[in-house]
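With TSV, C-alpha atoms inside, this is entry.tsv:
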chain	number	residue	atom	x	y	z
A	1	MET	CA	-236.45	0.12	34.65
A	2	LEU	CA	-233.90	1.89	32.48
A	3	GLY	CA	-234.92	5.44	31.67
A	4	ILE	CA	-234.33	4.90	27.95
A	5	VAL	CA	-236.97	2.15	27.95
A	6	LYS	CA	-239.53	4.36	29.69
A	7	LYS	CA	-238.72	7.15	27.25
A	8	HIS	CA	-239.49	4.94	24.25
A	9	GLU	CA	-242.43	2.99	25.72
A	10	LYS	CA	-245.28	4.73	23.87
A	11	GLU	CA	-243.33	4.83	20.63
A	12	TRP	CA	-242.49	1.11	20.92
A	13	VAL	CA	-246.14	0.22	21.61
A	14	GLU	CA	-247.40	2.15	18.59
A	15	PHE	CA	-244.64	0.79	16.36
A	16	THR	CA	-245.47	-2.77	17.40
A	17	ARG	CA	-249.17	-2.22	16.79
A	18	GLY	CA	-248.33	-0.72	13.41
A	19	ILE	CA	-246.36	-3.73	12.16
A	20	VAL	CA	-249.03	-6.13	13.47
A	21	ARG	CA	-251.50	-4.27	11.25
A	22	ILE	CA	-249.40	-5.22	8.21
A	23	PRO	CA	-250.37	-8.83	7.32
A	24	SER	CA	-247.24	-10.71	6.28
A	25	VAL	CA	-248.19	-14.35	5.71
A	26	THR	CA	-245.35	-16.49	4.31
A	27	GLY	CA	-244.67	-15.45	0.73
A	28	ASP	CA	-246.27	-12.03	1.20
A	29	GLU	CA	-243.73	-10.29	3.44
A	30	GLY	CA	-242.71	-7.57	0.98
A	31	ILE	CA	-244.80	-4.68	2.31
A	32	LEU	CA	-243.56	-5.25	5.85
A	33	ALA	CA	-239.93	-5.62	4.73
A	34	LYS	CA	-240.03	-2.33	2.80
A	35	PHE	CA	-241.72	-0.55	5.72
A	36	LEU	CA	-239.04	-1.76	8.13
A	37	LEU	CA	-236.23	-0.88	5.72
A	38	LYS	CA	-237.48	2.68	5.52
A	39	HIS	CA	-237.66	2.77	9.33
A	40	LEU	CA	-234.08	1.48	9.78
A	41	LYS	CA	-232.73	4.13	7.43
A	42	LYS	CA	-234.72	6.78	9.29
A	43	LEU	CA	-232.99	5.63	12.49
A	44	GLY	CA	-229.63	6.36	10.89
A	45	ILE	CA	-228.70	2.73	10.28
A	46	THR	CA	-227.37	3.52	6.84
A	47	GLU	CA	-226.14	0.01	5.98
A	48	SER	CA	-229.64	-1.38	5.60
A	49	PHE	CA	-230.93	-3.38	2.64
A	50	ILE	CA	-233.18	-6.18	1.43
A	51	ASP	CA	-231.29	-9.10	-0.09
A	52	GLU	CA	-232.24	-11.14	-3.15
A	53	ALA	CA	-234.36	-13.59	-1.14
A	54	GLY	CA	-236.30	-10.77	0.56
A	55	ASN	CA	-234.53	-10.78	3.93
A	56	LEU	CA	-234.18	-7.42	5.69
A	57	VAL	CA	-230.72	-6.53	7.03
A	58	GLY	CA	-229.46	-3.59	9.09
A	59	ILE	CA	-225.89	-3.30	10.41
A	60	ILE	CA	-224.17	-1.00	12.89
A	61	ARG	CA	-220.48	-1.60	12.19
A	62	GLY	CA	-217.95	-1.79	14.99
A	63	LYS	CA	-214.15	-1.67	15.14
A	64	GLY	CA	-213.80	-5.23	13.88
A	65	HIS	CA	-212.67	-6.72	17.18
A	66	GLY	CA	-215.93	-8.54	17.92
A	67	PRO	CA	-218.09	-9.96	19.16
A	68	ASN	CA	-220.38	-9.62	16.16
A	69	ILE	CA	-223.94	-10.02	17.44
A	70	MET	CA	-226.96	-10.80	15.28
A	71	PHE	CA	-230.52	-10.04	16.33
A	72	ASN	CA	-232.75	-12.31	14.27
A	73	SER	CA	-236.51	-12.30	13.68
A	74	HIS	CA	-238.73	-13.52	10.88
A	75	LEU	CA	-241.02	-11.40	8.75
A	76	ASP	CA	-243.69	-14.00	8.09
A	77	ILE	CA	-246.71	-15.00	10.15
A	78	VAL	CA	-249.24	-17.81	9.93
A	79	PRO	CA	-252.78	-17.15	8.63
A	80	GLU	CA	-255.29	-15.72	11.09
A	81	GLY	CA	-257.72	-18.67	11.03
A	82	THR	CA	-261.44	-18.40	11.77
A	83	LEU	CA	-262.37	-14.78	12.48
A	84	GLU	CA	-265.10	-15.72	14.97
A	85	ASP	CA	-262.43	-17.16	17.27
A	86	TRP	CA	-260.86	-13.69	17.55
A	87	LEU	CA	-263.99	-11.86	18.68
A	88	PRO	CA	-264.37	-9.22	20.03
A	89	TYR	CA	-261.04	-8.36	18.37
A	90	GLY	CA	-259.87	-8.40	14.79
A	91	PRO	CA	-256.68	-10.35	14.02
A	92	PHE	CA	-255.01	-7.27	12.51
A	93	GLU	CA	-256.62	-4.65	14.71
A	94	ALA	CA	-253.71	-4.68	17.18
A	95	ALA	CA	-256.05	-3.81	20.04
A	96	VAL	CA	-254.77	-3.16	23.56
A	97	ASP	CA	-256.94	-4.64	26.32
A	98	ASP	CA	-257.39	-3.53	29.94
A	99	LYS	CA	-254.50	-5.78	31.05
A	100	ARG	CA	-252.04	-4.03	28.71
A	101	ASN	CA	-251.94	-6.89	26.23
A	102	ILE	CA	-251.49	-6.17	22.52
A	103	ILE	CA	-253.70	-8.62	20.61
A	104	GLY	CA	-253.13	-9.57	16.99
A	105	ARG	CA	-251.86	-12.23	14.62
A	106	GLY	CA	-248.08	-12.45	14.72
A	107	VAL	CA	-247.56	-10.22	17.75
A	108	CYS	CA	-246.30	-13.13	19.88
A	109	ASP	CA	-244.65	-15.02	17.04
A	110	LEU	CA	-242.84	-12.70	16.81
A	111	LYS	CA	-243.44	-9.09	15.85
A	112	ALA	CA	-243.27	-7.72	19.40
A	113	GLY	CA	-239.85	-9.32	19.84
A	114	MET	CA	-238.78	-8.01	16.44
A	115	ALA	CA	-239.87	-4.51	17.49
A	116	VAL	CA	-237.72	-4.84	20.63
A	117	GLN	CA	-234.70	-5.78	18.52
A	118	ILE	CA	-235.27	-2.82	16.20
A	119	PHE	CA	-235.66	-0.42	19.14
A	120	THR	CA	-232.49	-1.81	20.70
A	121	MET	CA	-230.71	-0.97	17.44
A	122	LYS	CA	-232.32	2.48	17.67
A	123	VAL	CA	-231.08	3.30	21.18
A	124	ILE	CA	-227.60	1.93	20.45
A	125	GLN	CA	-227.39	4.10	17.32
A	126	GLU	CA	-228.61	7.10	19.34
A	127	ALA	CA	-225.93	6.45	21.98
A	128	ILE	CA	-223.27	6.22	19.26
A	129	ASN	CA	-224.38	9.56	17.83
A	130	LYS	CA	-224.78	11.33	21.19
A	131	ASN	CA	-221.96	9.89	23.30
A	132	LYS	CA	-219.47	9.08	20.53
A	133	ILE	CA	-219.54	5.40	21.51
A	134	THR	CA	-217.84	2.94	19.18
A	135	LEU	CA	-218.82	-0.73	19.25
A	136	PRO	CA	-216.02	-3.32	19.32
A	137	GLY	CA	-217.94	-5.57	16.93
A	138	ASP	CA	-220.88	-5.36	14.57
A	139	LEU	CA	-224.50	-5.26	15.74
A	140	ILE	CA	-226.65	-6.84	13.06
A	141	PHE	CA	-230.43	-6.95	12.72
A	142	THR	CA	-232.03	-9.48	10.38
A	143	ALA	CA	-235.66	-10.24	9.61
A	144	VAL	CA	-235.87	-13.26	7.33
A	145	VAL	CA	-238.54	-14.68	5.07
A	146	HIS	CA	-240.20	-18.10	5.11
A	147	GLU	CA	-239.53	-19.18	8.71
A	148	GLU	CA	-243.07	-20.37	9.32
A	149	ALA	CA	-242.86	-22.68	6.31
A	150	ALA	CA	-240.41	-24.74	8.40
A	151	GLU	CA	-237.54	-25.18	6.01
A	152	MET	CA	-235.24	-22.26	6.93
A	153	LEU	CA	-235.19	-20.89	3.38
A	154	GLY	CA	-234.62	-17.24	4.30
A	155	MET	CA	-232.10	-17.92	7.06
A	156	GLU	CA	-230.16	-20.29	4.82
A	157	TYR	CA	-229.91	-17.68	2.08
A	158	PHE	CA	-228.81	-14.98	4.50
A	159	ILE	CA	-226.06	-17.06	6.14
A	160	GLU	CA	-224.76	-18.80	3.02
A	161	LYS	CA	-225.18	-16.06	0.40
A	162	THR	CA	-225.74	-12.61	1.92
A	163	MET	CA	-223.17	-12.79	4.72
A	164	PRO	CA	-220.17	-13.53	2.47
A	165	ARG	CA	-221.32	-11.06	-0.20
A	166	HIS	CA	-221.58	-8.21	2.33
A	167	LYS	CA	-218.61	-9.27	4.49
A	168	ILE	CA	-220.83	-9.94	7.50
A	169	LYS	CA	-219.43	-12.00	10.35
A	170	CYS	CA	-221.46	-13.40	13.21
A	171	ASP	CA	-220.31	-14.81	16.56
A	172	LEU	CA	-223.69	-15.03	18.29
A	173	VAL	CA	-227.38	-15.04	17.30
A	174	PHE	CA	-230.31	-13.89	19.42
A	175	LEU	CA	-233.71	-15.15	18.27
A	176	SER	CA	-236.82	-13.18	19.23
A	177	GLU	CA	-239.02	-16.28	19.38
A	178	PRO	CA	-241.24	-16.41	22.52
A	179	THR	CA	-239.52	-17.56	25.73
A	180	SER	CA	-241.48	-15.86	28.57
A	181	ASN	CA	-238.30	-13.85	29.26
A	182	ASP	CA	-236.36	-17.02	29.98
A	183	VAL	CA	-233.24	-17.98	28.01
A	184	ALA	CA	-233.84	-20.67	25.37
A	185	LEU	CA	-230.84	-22.72	24.30
A	186	GLY	CA	-232.14	-25.23	21.76
A	187	HIS	CA	-234.82	-27.62	20.61
A	188	ARG	CA	-235.39	-31.04	19.11
A	189	GLY	CA	-234.98	-31.67	15.42
A	190	LYS	CA	-237.94	-32.18	13.10
A	191	ILE	CA	-238.23	-33.95	9.78
A	192	GLU	CA	-241.39	-34.43	7.75
A	193	ILE	CA	-241.22	-37.76	5.97
A	194	ALA	CA	-243.41	-38.67	3.00
A	195	VAL	CA	-244.13	-42.40	3.11
A	196	LYS	CA	-245.78	-43.89	0.02
A	197	THR	CA	-247.16	-47.33	-0.79
A	198	GLN	CA	-247.89	-48.52	-4.34
A	199	GLY	CA	-250.71	-50.76	-5.49
A	200	LYS	CA	-252.87	-51.43	-8.52
A	201	THR	CA	-256.26	-49.96	-9.43
A	202	ALA	CA	-259.36	-52.08	-9.86
A	203	HIS	CA	-263.11	-51.61	-9.67
A	204	SER	CA	-264.15	-51.57	-6.03
A	205	SER	CA	-266.81	-54.17	-6.81
A	206	GLN	CA	-263.95	-56.60	-7.46
A	207	PRO	CA	-261.18	-55.46	-5.07
A	208	ASP	CA	-259.28	-58.74	-5.36
A	209	LEU	CA	-258.34	-57.80	-8.94
A	210	GLY	CA	-256.35	-54.84	-7.63
A	211	ILE	CA	-253.78	-54.11	-4.94
A	212	ASN	CA	-255.11	-51.61	-2.40
A	213	ALA	CA	-252.34	-49.14	-1.55
A	214	LEU	CA	-254.24	-48.01	1.56
A	215	GLU	CA	-254.34	-51.57	2.85
A	216	LYS	CA	-250.57	-51.83	2.23
A	217	MET	CA	-250.10	-48.71	4.36
A	218	LEU	CA	-251.80	-50.26	7.43
A	219	PRO	CA	-248.76	-52.17	8.80
A	220	ILE	CA	-246.66	-49.02	8.43
A	221	MET	CA	-249.23	-46.96	10.32
A	222	ASP	CA	-249.39	-49.64	12.98
A	223	ALA	CA	-245.61	-49.50	13.39
A	224	VAL	CA	-245.53	-45.70	13.60
A	225	PHE	CA	-248.33	-45.48	16.15
A	226	TYR	CA	-247.48	-48.45	18.35
A	227	ARG	CA	-243.92	-49.76	17.87
A	228	MET	CA	-241.43	-47.19	16.57
A	229	LYS	CA	-241.95	-44.82	19.49
A	230	ASP	CA	-240.60	-47.42	21.91
A	231	LYS	CA	-237.16	-47.18	20.28
A	232	LEU	CA	-236.89	-43.37	20.26
A	233	LYS	CA	-234.08	-41.57	22.07
A	234	SER	CA	-234.37	-38.91	24.74
A	235	ASP	CA	-232.17	-36.05	25.90
A	236	PRO	CA	-231.75	-34.76	29.47
A	237	VAL	CA	-232.71	-31.20	28.50
A	238	LEU	CA	-234.47	-31.45	25.13
A	239	GLY	CA	-236.85	-34.13	26.39
A	240	GLU	CA	-238.38	-37.00	24.45
A	241	SER	CA	-238.29	-37.75	20.75
A	242	SER	CA	-241.66	-38.31	19.12
A	243	ILE	CA	-243.22	-39.74	15.98
A	244	THR	CA	-246.75	-39.46	14.65
A	245	ILE	CA	-248.79	-39.34	11.44
A	246	THR	CA	-250.34	-36.01	10.51
A	247	ASN	CA	-251.96	-36.70	7.12
A	248	CYS	CA	-253.08	-39.50	4.83
A	249	THR	CA	-254.12	-39.27	1.18
A	250	VAL	CA	-254.90	-41.79	-1.55
A	251	LYS	CA	-254.90	-41.63	-5.35
A	252	PRO	CA	-256.88	-41.61	-7.54
A	253	GLY	CA	-259.05	-40.75	-4.53
A	254	ALA	CA	-262.35	-41.41	-6.32
A	255	LEU	CA	-265.30	-43.62	-5.47
A	256	SER	CA	-265.62	-47.13	-6.91
A	257	ILE	CA	-261.89	-47.52	-7.53
A	258	VAL	CA	-259.21	-49.26	-5.49
A	259	PRO	CA	-256.42	-46.72	-4.84
A	260	ASP	CA	-253.00	-47.50	-6.35
A	261	GLU	CA	-251.12	-44.94	-4.24
A	262	CYS	CA	-251.30	-44.01	-0.57
A	263	GLU	CA	-249.18	-41.38	1.14
A	264	ILE	CA	-248.85	-40.46	4.80
A	265	SER	CA	-246.96	-37.56	6.40
A	266	VAL	CA	-244.83	-38.64	9.34
A	267	ASP	CA	-243.77	-35.96	11.84
A	268	ARG	CA	-240.55	-37.15	13.49
A	269	ARG	CA	-238.88	-35.14	16.29
A	270	TYR	CA	-235.31	-36.23	16.99
A	271	MET	CA	-232.22	-35.56	19.07
A	272	PRO	CA	-228.62	-34.40	18.57
A	273	GLY	CA	-226.49	-37.32	17.47
A	274	GLU	CA	-229.25	-38.79	15.30
A	275	LYS	CA	-228.80	-38.49	11.55
A	276	LEU	CA	-231.46	-38.17	8.90
A	277	GLU	CA	-230.01	-41.21	7.14
A	278	ASP	CA	-230.53	-43.31	10.28
A	279	ILE	CA	-234.14	-42.18	10.62
A	280	LEU	CA	-234.87	-43.16	7.02
A	281	LYS	CA	-233.02	-46.45	7.56
A	282	ASP	CA	-235.56	-47.36	10.26
A	283	PHE	CA	-238.30	-47.18	7.66
A	284	LYS	CA	-236.33	-49.17	5.09
A	285	GLU	CA	-235.79	-51.95	7.62
A	286	LEU	CA	-239.51	-51.89	8.44
A	287	PHE	CA	-240.31	-52.24	4.74
A	288	LYS	CA	-238.03	-55.27	4.44
A	289	ASP	CA	-239.79	-56.95	7.36
A	290	ILE	CA	-243.19	-56.36	5.76
A	291	GLN	CA	-241.98	-57.59	2.35
A	292	ARG	CA	-240.94	-60.92	3.84
A	293	LYS	CA	-244.62	-61.58	4.60
A	294	ASP	CA	-246.15	-59.69	1.66
A	295	LYS	CA	-244.47	-60.04	-1.75
A	296	GLU	CA	-246.81	-57.41	-3.26
A	297	PHE	CA	-245.69	-54.73	-0.78
A	298	LYS	CA	-243.92	-51.70	-2.29
A	299	ALA	CA	-243.08	-48.57	-0.30
A	300	THR	CA	-240.74	-45.57	-0.14
A	301	ALA	CA	-239.83	-43.06	2.57
A	302	GLU	CA	-238.22	-39.70	1.72
A	303	PRO	CA	-237.96	-36.27	3.31
A	304	ARG	CA	-240.78	-34.10	2.04
A	305	VAL	CA	-239.58	-31.54	-0.48
A	306	PHE	CA	-241.41	-28.42	-1.58
A	307	THR	CA	-240.42	-25.74	-4.05
A	308	GLU	CA	-240.78	-22.44	-2.22
A	309	LYS	CA	-240.83	-19.00	-3.82
A	310	THR	CA	-240.28	-15.78	-1.89
A	311	TYR	CA	-241.95	-12.44	-2.60
A	312	THR	CA	-238.84	-11.31	-4.53
A	313	GLY	CA	-239.07	-14.28	-6.89
A	314	TYR	CA	-236.23	-16.30	-5.34
A	315	GLU	CA	-237.12	-19.98	-5.70
A	316	LYS	CA	-235.64	-23.19	-4.36
A	317	ALA	CA	-236.61	-26.81	-3.68
A	318	VAL	CA	-236.23	-27.34	0.06
A	319	LYS	CA	-236.62	-30.17	2.55
A	320	LYS	CA	-239.09	-29.79	5.40
A	321	TYR	CA	-236.79	-30.19	8.35
A	322	HIS	CA	-235.15	-28.49	11.34
A	323	PRO	CA	-231.98	-30.16	12.70
A	324	PRO	CA	-231.72	-30.37	16.51
A	325	TRP	CA	-229.38	-28.01	18.33
A	326	LYS	CA	-228.20	-27.01	21.79
A	327	THR	CA	-226.06	-24.09	22.88
A	328	ASP	CA	-223.91	-25.07	25.85
A	329	ILE	CA	-225.08	-23.30	29.00
A	330	ASN	CA	-221.40	-22.81	29.90
A	331	ASN	CA	-220.74	-20.94	26.66
A	332	LYS	CA	-219.25	-17.54	27.54
A	333	PHE	CA	-221.97	-15.66	25.65
A	334	VAL	CA	-224.69	-17.58	27.47
A	335	GLN	CA	-223.12	-16.88	30.84
A	336	LYS	CA	-222.81	-13.18	30.03
A	337	THR	CA	-226.44	-13.13	28.91
A	338	PHE	CA	-227.60	-14.50	32.25
A	339	LYS	CA	-225.33	-12.02	34.05
A	340	ALA	CA	-226.71	-9.10	32.05
A	341	LEU	CA	-230.33	-10.02	32.69
A	342	LYS	CA	-229.73	-10.47	36.39
A	343	SER	CA	-228.07	-7.03	36.49
A	344	VAL	CA	-231.44	-5.46	35.59
A	345	GLY	CA	-233.40	-7.50	38.09
A	346	GLN	CA	-234.48	-10.41	35.92
A	347	ASN	CA	-234.07	-14.04	36.95
A	348	PRO	CA	-234.37	-16.06	33.74
A	349	ALA	CA	-234.48	-19.84	33.68
A	350	GLU	CA	-232.67	-22.06	31.20
A	351	LYS	CA	-235.22	-23.55	28.80
A	352	TYR	CA	-235.59	-25.46	25.54
A	353	TRP	CA	-238.36	-25.01	22.97
A	354	LYS	CA	-240.83	-27.69	21.91
A	355	PHE	CA	-241.22	-26.06	18.49
A	356	GLY	CA	-238.69	-25.50	15.72
A	357	THR	CA	-236.86	-22.26	14.86
A	358	ASP	CA	-234.28	-20.89	12.46
A	359	GLY	CA	-231.75	-21.71	15.16
A	360	SER	CA	-231.57	-25.04	13.35
A	361	MET	CA	-229.76	-23.20	10.56
A	362	SER	CA	-227.58	-20.86	12.67
A	363	ALA	CA	-226.66	-23.37	15.39
A	364	GLY	CA	-227.66	-26.78	14.05
A	365	ILE	CA	-225.98	-26.46	10.66
A	366	HIS	CA	-223.52	-23.55	10.96
A	367	SER	CA	-222.53	-23.99	14.63
A	368	ILE	CA	-223.08	-20.33	15.56
A	369	PRO	CA	-224.01	-20.10	19.27
A	370	THR	CA	-227.70	-19.20	19.36
A	371	ILE	CA	-229.92	-17.92	22.18
A	372	GLY	CA	-233.65	-17.24	22.33
A	373	TYR	CA	-235.03	-14.40	24.46
A	374	SER	CA	-238.40	-12.62	24.41
A	375	GLY	CA	-241.18	-11.76	26.84
A	376	ALA	CA	-243.77	-13.29	24.53
A	377	VAL	CA	-245.39	-16.45	25.93
A	378	GLU	CA	-245.12	-19.61	23.83
A	379	LYS	CA	-248.72	-20.73	24.36
A	380	TRP	CA	-250.04	-17.75	22.38
A	381	ALA	CA	-248.10	-18.56	19.20
A	382	HIS	CA	-250.48	-19.37	16.32
A	383	GLN	CA	-253.52	-19.10	18.64
A	384	PRO	CA	-256.67	-17.02	18.17
A	385	LYS	CA	-256.38	-13.80	20.21
A	386	GLU	CA	-252.57	-14.11	19.97
A	387	GLN	CA	-251.10	-11.57	22.38
A	388	VAL	CA	-248.16	-10.17	24.32
A	389	ASN	CA	-248.07	-8.20	27.53
A	390	ILE	CA	-246.59	-4.73	27.16
A	391	ASP	CA	-244.90	-4.74	30.57
A	392	GLU	CA	-243.23	-8.09	29.92
A	393	MET	CA	-241.99	-6.90	26.54
A	394	LEU	CA	-240.57	-3.74	28.09
A	395	LYS	CA	-238.53	-6.04	30.34
A	396	THR	CA	-237.31	-7.71	27.13
A	397	PHE	CA	-236.35	-4.29	25.75
A	398	GLU	CA	-234.41	-3.52	28.92
A	399	GLY	CA	-232.84	-6.98	28.82
A	400	HIS	CA	-231.60	-6.52	25.26
A	401	ILE	CA	-229.89	-3.26	26.17
A	402	ALA	CA	-228.25	-4.91	29.18
A	403	ILE	CA	-227.08	-7.83	27.03
A	404	VAL	CA	-225.51	-5.55	24.41
A	405	CYS	CA	-223.77	-3.56	27.15
A	406	GLU	CA	-222.39	-6.72	28.76
A	407	LEU	CA	-221.24	-8.33	25.51
A	408	MET	CA	-219.93	-5.13	23.92
A	409	ASP	CA	-218.36	-3.79	27.13
A	410	LEU	CA	-220.53	-0.63	27.14
A	411	ASP	CA	-221.45	1.45	30.17
A	412	ILE	CA	-225.14	0.79	30.90
A	413	ASN	CA	-225.29	4.19	32.62
A	414	ASN	CA	-225.50	5.64	29.12
A	415	PHE	CA	-229.06	4.28	29.03
A	416	LYS	CA	-230.29	5.17	32.51

What does the file become when written as structure tokens?
Amino acid sequence: MLGIVKKHEKEWVEFTRGIVRIPSVTGDEGILAKFLLKHLKKLGITESFIDEAGNLVGIIRGKGHGPNIMFNSHLDIVPEGTLEDWLPYGPFEAAVDDKRNIIGRGVCDLKAGMAVQIFTMKVIQEAINKNKITLPGDLIFTAVVHEEAAEMLGMEYFIEKTMPRHKIKCDLVFLSEPTSNDVALGHRGKIEIAVKTQGKTAHSSQPDLGINALEKMLPIMDAVFYRMKDKLKSDPVLGESSITITNCTVKPGALSIVPDECEISVDRRYMPGEKLEDILKDFKELFKDIQRKDKEFKATAEPRVFTEKTYTGYEKAVKKYHPPWKTDINNKFVQKTFKALKSVGQNPAEKYWKFGTDGSMSAGIHSIPTIGYSGAVEKWAHQPKEQVNIDEMLKTFEGHIAIVCELMDLDINNFK
């Protein structure tokens, strides 16, 4: 292992444990962002700031020749859940067990990976100061808000607002989402669709005087569960599309009254080449088929929209979706990433996530080649006793240094 990694091992472990101890559930990331900003400035990364949406940014500027590489993480975590499921640990204790696992909410998804990215910035800055190295392009660290809310609010703001304002260019993004030290190159798209049926209230003792919106939803539910999935597309690397219902509510939702509104949440995972308009068209065609048999049937299907507000007060109505994306394995940056990791004794596999990431914004919408790489294991994301293994994450640390050296044409001997 590179000597620089061994040198910083204890410091990295304690730093990671420290940021796990700062709860940063979506919408409450401010304390963590300010802590990390102070740390970046302490490292000598003087161009560090928090933007209007609450995203943290730190930049080591190069000569302007490129490539410009962005390390990206997210500040927010999911809630800890039932405390009994964490025993004998506390979710924000950041305990280390006898197998050298750090245990705590958010450590897998993705504070350990974020700590690796920050420490990679640290050692690169140290090498610049000590060895008078100059980078050909910019090395950028970003930690964005509201990733877990699944609408890319923070990443969208950073790419579309902060980058042009601060003259930031980006040729490649590395996500610190869990990959088991393999190289992740994409995932399916996701859209959450709100499907509503309309009816008419009546006393439940005389249901025939009303129109039961829940009853009108039944043929839609039947189609989603048993017929629509047969027409879904697949992809040779991203796998199968999927569709299911995750929630059902009725209004008024009281006893002794026939509901006049029913709403279901449809989780639809989809592939490159499919458009949101086509997915919604499938529902509209289904509605027409039902209406031919039932003249009282009324229904709508729209992407679910929420108004989200960040800890800085930035507010926007956003759709709940992640477009699908794939980075070509033959992309020059991907090939150099594999080469760099193999140069330090790693043998990563090509993989594709089941879950969604902010890569949907960087790659899916803005076509910036995006790669995922972290020693965290996907199965621990959002789980009780969430954890990472220290030794695997040190490999990730070493891998990040090797990647920067390969892409920036630096001598890795500077870090031995």

Applying 8 Å and all atoms listed in the file, which residues near range 81-89 of chain A remain after dropping the ones on its own chain fewer than 3 positions away? List them as a CSV table (one decimal) with C-alpha atoms, in the frame of the given file.
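The resulting file, result_20.csv, is reproduced below:
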chain,number,residue,atom,x,y,z
A,93,GLU,CA,-256.6,-4.6,14.7
A,95,ALA,CA,-256.0,-3.8,20.0
A,103,ILE,CA,-253.7,-8.6,20.6
A,384,PRO,CA,-256.7,-17.0,18.2
A,385,LYS,CA,-256.4,-13.8,20.2

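Nearest-residue note for Phe415 in chain A: choosing from A:Glu47, A:Glu126, A:Glu9, A:Asp97, the minimum distance belongs to A:Glu126, counting only C-alpha atoms.
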
Per residue of range 13-122 of chain A within 12 Å of range 319-335 of chain A, record the nearest atom pair and its distance in Å to one decimal, counting all atoms listed in the file, with rows in chain order and ascending residue number, as a tab-separated table.
residue	atom	partner	partner_atom	distance
A:Pro67	CA	A:Phe333	CA	9.5
A:Asn68	CA	A:Phe333	CA	11.4
A:Ile69	CA	A:Phe333	CA	10.2

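Distance check against Gln125 in chain A using all atoms listed in the file: of A:His366, A:Lys167, A:Arg304, A:Lys41, the minimum falls on A:Lys41.
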
* Between CA of Glu378 in chain A and CA of Lys309 in chain A, what is the spacing in Å? ->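 A separation of 28.0 Å between them.
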
* To do: Between A:Phe15, A:Phe119, A:Met1, A:Asp358, single out the one closest to Gln346 in chain A, counting all atoms listed in the file.
  =>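 Ranking A:Phe15, A:Phe119, A:Met1, A:Asp358 by distance to Gln346 in chain A, first place goes to A:Met1.
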